[in-house]
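**Q** Take this structure first; my questions come after.
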Amino acid sequence: MNQRLLVYVPPHPLIQHWLTVARDASTPSVLFRSAITELGRWLTYEASRDWLVTQETVVESPLSSCPGTVIDSQIPVAVVPILRAGLGLLEGAQTILPLAKIYHLGLQRNEETLEPSCYLNKLPEKLDPQTRVLITDPMLATGGSIMATMAELIQRGVNPAFTRIVCVVAAPPALQKLNAAYPELTIYSATIDGEINDKGFIIPGLGDAGDRIFGT
Ligand code: PRP
């Protein structure tokens with residue numbers, strides 16, 4: 001059987017709560033930012049479950065020796081926030097992954113053509129193929145931005161099977177493109193919405209997440 005993209009929508013009440021706050025058009029920027037931070041935290045927690053690499057060890061408790069499990073510090077962990085809106089999820093992601101390296105990628109979608117262009121790329125030339133990479137971007141709409149991000153990562157040696165995408169709203173066009181190109185990928189999203197309009201906005205979606213996070 002061919003492998004297929006895994007998309008998890010964790011049924012967690014905090015994720016549902018903060019998604020609903022973020023969707024509400026009357027939510028002011030300061031609260032919208034908090035909602036996205038919280039979603040970044042809880043979705044990263046869920047995404048890290050079968051993704052972080054652990055190591056067996058033995059420690060001395062105050063009373064006896066006992067077996068334990070720790071995070072394997074030899075395996076690099078990286079977060080790639082897609083600017084601007086992906087920065088909103090980064091703060092919460094960092095509370096779960098405090099030692100991760102952060103590689104910023106600035107992409108701007110052209111409002112007419114919906115094609116992304118890159119204005120900032122802080123990725124190193126090469127990444128260890130063992131690196132666990134977590135990409136943050138609240139919206140996967142046409143999929144142009146996430147496909148451009150994946151191409152940059154693959155070119156640097158990243159393994160899609162060790163890559164997780166944390167987003168808030170995912171739409172079918174983006175999921176179809178990712179499934180066709182990178183079926184080994186896994187996505188954690190607060191929800192999947194059914195459509196995008198002719199301006200590339202997800203319906204019902206959240207509006208322009210970058211503008212709402214930064215109050216612009
Ligand atoms: C938005 C969003 C995604 C992208 C999704 O960013 O945050 O990065 O569009 O659309 P796509 O799947 O059709 O590529 P935008 O380019 O508006 O930049 P911003 O984050 O600076 O607002």
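Chains: A, B, ... in order of the structure tokens. Residues: from 1 per chain. Ligands: from 1, in order shown.
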Tell me which protein, DNA and RNA residues are within 12 Å of stretch 11-14 of chain A, counting only C-alpha atoms, leaving out same-chain ones fewer than 5 positions away, and put them as a list in words.
**A**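 Everything that qualifies: Leu19, Thr20, Val21, Ala35, Ile36, Thr37, Glu38, Leu39, Gly40, Arg41, Trp42, Leu43, Tyr45, Glu46, Tyr188, Ser189, Ala190 and Thr191 of chain A.
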**Q** Which polymer residues have any atom within 12 Å of an atom of A:Glu112, counting only C-alpha atoms, with same-chain residues fewer than 4 positions away left out, as a list of chain:residue names?
**A**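 Listing them by chain and then by number gives A:Gln108, A:Pro116, A:Asp198, A:Lys199, A:Gly200.
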**Q** Contacts of A:Ser73 at 12 Å or less, counting only C-alpha atoms, minus same-chain residues fewer than 4 places along, as an MDAnalysis selection string?
**A** chainID A and resid 52:55 69 77 97 99:100 130:132
**Q** Please identify all polymer residues within 8 Å of stretch 158-161 of chain A, counting only C-alpha atoms, omitting same-chain residues fewer than 6 positions from it, and present them as a ChimeraX atom specification.
**A** /A:127-131,133,182,184-186
**Q** Take the selection from the previous step and output its residues with all heavy atoms, as a CSV table (one decimal), in the first residue's frame.
**A**
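Listing of result_1.csv after writing:
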chain,number,residue,atom,x,y,z
A,127,LEU,N,21.8,20.4,6.7
A,127,LEU,CA,21.3,20.0,8.0
A,127,LEU,C,21.6,18.5,8.1
A,127,LEU,O,21.5,17.7,7.1
A,127,LEU,CB,19.8,20.3,8.0
A,127,LEU,CG,19.4,21.7,8.4
A,127,LEU,CD1,18.1,22.1,7.8
A,127,LEU,CD2,19.5,22.0,9.9
A,128,ASP,N,21.9,18.1,9.3
A,128,ASP,CA,22.1,16.6,9.6
A,128,ASP,C,20.8,15.9,9.2
A,128,ASP,O,19.7,16.3,9.6
A,128,ASP,CB,22.3,16.5,11.1
A,128,ASP,CG,22.6,15.1,11.6
A,128,ASP,OD1,22.0,14.2,10.9
A,128,ASP,OD2,23.3,14.9,12.6
A,129,PRO,N,20.8,14.8,8.4
A,129,PRO,CA,19.6,14.2,8.0
A,129,PRO,C,18.8,13.6,9.1
A,129,PRO,O,17.6,13.2,9.0
A,129,PRO,CB,20.1,13.1,7.0
A,129,PRO,CG,21.6,13.1,7.0
A,129,PRO,CD,22.1,14.3,7.8
A,130,GLN,N,19.4,13.5,10.3
A,130,GLN,CA,18.7,13.0,11.5
A,130,GLN,C,17.9,14.1,12.1
A,130,GLN,O,17.1,13.8,13.1
A,130,GLN,CB,19.7,12.4,12.5
A,130,GLN,CG,20.4,11.1,12.1
A,130,GLN,CD,19.3,10.0,12.0
A,130,GLN,OE1,18.5,9.9,12.9
A,130,GLN,NE2,19.4,9.3,10.9
A,131,THR,N,18.1,15.3,11.7
A,131,THR,CA,17.4,16.5,12.4
A,131,THR,C,15.9,16.3,12.4
A,131,THR,O,15.3,16.0,11.4
A,131,THR,CB,17.8,17.8,11.7
A,131,THR,OG1,19.2,17.9,11.6
A,131,THR,CG2,17.3,19.0,12.5
A,133,VAL,N,12.7,18.2,12.4
A,133,VAL,CA,12.4,19.6,12.0
A,133,VAL,C,10.9,19.8,12.2
A,133,VAL,O,10.1,19.0,11.8
A,133,VAL,CB,12.7,19.9,10.5
A,133,VAL,CG1,12.3,21.2,10.1
A,133,VAL,CG2,14.2,19.7,10.2
A,182,TYR,N,5.3,14.7,-0.6
A,182,TYR,CA,5.9,14.2,0.6
A,182,TYR,C,5.0,13.3,1.5
A,182,TYR,O,4.6,13.8,2.6
A,182,TYR,CB,6.4,15.4,1.4
A,182,TYR,CG,7.2,16.4,0.6
A,182,TYR,CD1,6.7,17.7,0.3
A,182,TYR,CD2,8.5,16.1,0.2
A,182,TYR,CE1,7.4,18.6,-0.5
A,182,TYR,CE2,9.3,17.0,-0.5
A,182,TYR,CZ,8.7,18.2,-0.9
A,182,TYR,OH,9.4,19.1,-1.6
A,184,GLU,N,5.5,11.0,3.3
A,184,GLU,CA,6.1,10.6,4.6
A,184,GLU,C,5.9,11.7,5.7
A,184,GLU,O,6.1,11.4,6.9
A,184,GLU,CB,7.6,10.3,4.5
A,184,GLU,CG,8.0,9.6,3.3
A,184,GLU,CD,8.4,10.5,2.1
A,184,GLU,OE1,7.7,11.5,2.0
A,184,GLU,OE2,9.3,10.2,1.4
A,185,LEU,N,5.4,12.9,5.3
A,185,LEU,CA,5.2,14.0,6.3
A,185,LEU,C,4.1,13.7,7.2
A,185,LEU,O,3.2,13.0,6.9
A,185,LEU,CB,4.9,15.2,5.5
A,185,LEU,CG,5.9,16.3,5.1
A,185,LEU,CD1,5.2,17.3,4.3
A,185,LEU,CD2,6.5,16.9,6.4
A,186,THR,N,4.2,14.4,8.4
A,186,THR,CA,3.1,14.4,9.3
A,186,THR,C,2.7,15.8,9.7
A,186,THR,O,3.6,16.6,10.0
A,186,THR,CB,3.4,13.6,10.6
A,186,THR,OG1,3.9,12.3,10.2
A,186,THR,CG2,2.2,13.4,11.5
**Q** Which of these, A:Ala148, A:Leu63, A:Cys167, A:Ile135, has the shortest distance to A:Val80 once you count only C-alpha atoms?
**A** A:Ile135
**Q** Taking into account only C-alpha atoms and all ligand atoms, which residue in the set A:Tyr119, A:Phe162, A:Tyr8, A:Trp18 is nearest to ligand 1?
**A** A:Tyr119
**Q** Looking only at the backbone, which of the residues in stretch 68-150 of chain A does DSSP tag as strand (DSSP E or B), as a count of residues only?
**A** 31
**Q** Could you check which of A:Ile165, A:Ala171, A:Leu178, A:Ile187 is closest to A:Leu89, using only C-alpha atoms?
**A** A:Ile165
**Q** Can you tell me, as a PDB file with C-alpha atoms, in the first residue's frame, what residues are no more than 12 Å from A:Arg23 when counting only C-alpha atoms, ignoring any on the same chain fewer than 2 positions away?
**A**
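Done, and the output landed in selection-v4.pdb:
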ATOM      1  CA  GLN A  16     -10.621  23.706  20.280  1.00  0.00           C
ATOM      2  CA  HIS A  17     -11.003  26.655  22.678  1.00  0.00           C
ATOM      3  CA  TRP A  18      -8.077  28.694  21.315  1.00  0.00           C
ATOM      4  CA  LEU A  19      -9.037  27.904  17.717  1.00  0.00           C
ATOM      5  CA  THR A  20     -12.520  29.314  18.358  1.00  0.00           C
ATOM      6  CA  VAL A  21     -11.054  32.453  19.987  1.00  0.00           C
ATOM      7  CA  ALA A  25     -13.398  38.315  14.095  1.00  0.00           C
ATOM      8  CA  SER A  26     -14.139  40.381  17.253  1.00  0.00           C
ATOM      9  CA  THR A  27     -11.034  38.985  19.058  1.00  0.00           C
ATOM     10  CA  PRO A  28      -8.572  41.877  19.461  1.00  0.00           C
ATOM     11  CA  SER A  29      -4.977  41.516  18.290  1.00  0.00           C
ATOM     12  CA  LEU A  31      -5.864  38.102  22.510  1.00  0.00           C
ATOM     13  CA  PHE A  32      -5.455  36.694  18.997  1.00  0.00           C
ATOM     14  CA  ARG A  33      -1.696  36.605  19.608  1.00  0.00           C
ATOM     15  CA  ALA A  35      -4.549  32.236  21.142  1.00  0.00           C
ATOM     16  CA  ILE A  36      -1.923  31.511  18.474  1.00  0.00           C
ATOM     17  CA  PRO A 138      -0.841  29.010  10.984  1.00  0.00           C
ATOM     18  CA  VAL A 168      -3.858  26.110  12.795  1.00  0.00           C
ATOM     19  CA  VAL A 169      -5.989  25.791   9.648  1.00  0.00           C
ATOM     20  CA  ALA A 190      -6.158  22.593  14.948  1.00  0.00           C
ATOM     21  CA  THR A 191      -8.669  22.081  12.111  1.00  0.00           C
ATOM     22  CA  ASP A 193     -11.358  23.810   6.532  1.00  0.00           C
ATOM     23  CA  ILE A 202      -9.308  29.878   3.760  1.00  0.00           C
ATOM     24  CA  ILE A 203     -13.092  29.778   4.445  1.00  0.00           C
ATOM     25  CA  PRO A 204     -14.083  30.097   7.316  1.00  0.00           C
ATOM     26  CA  GLY A 205     -10.398  30.310   8.355  1.00  0.00           C
ATOM     27  CA  LEU A 206      -9.027  33.057  10.582  1.00  0.00           C
ATOM     28  CA  GLY A 207      -8.584  35.962   8.164  1.00  0.00           C
ATOM     29  CA  ASP A 208      -5.039  37.227   7.655  1.00  0.00           C
ATOM     30  CA  ALA A 209      -3.185  35.601  10.564  1.00  0.00           C
ATOM     31  CA  ARG A 212      -4.033  39.883  13.180  1.00  0.00           C
TER      32      ARG A 212
END
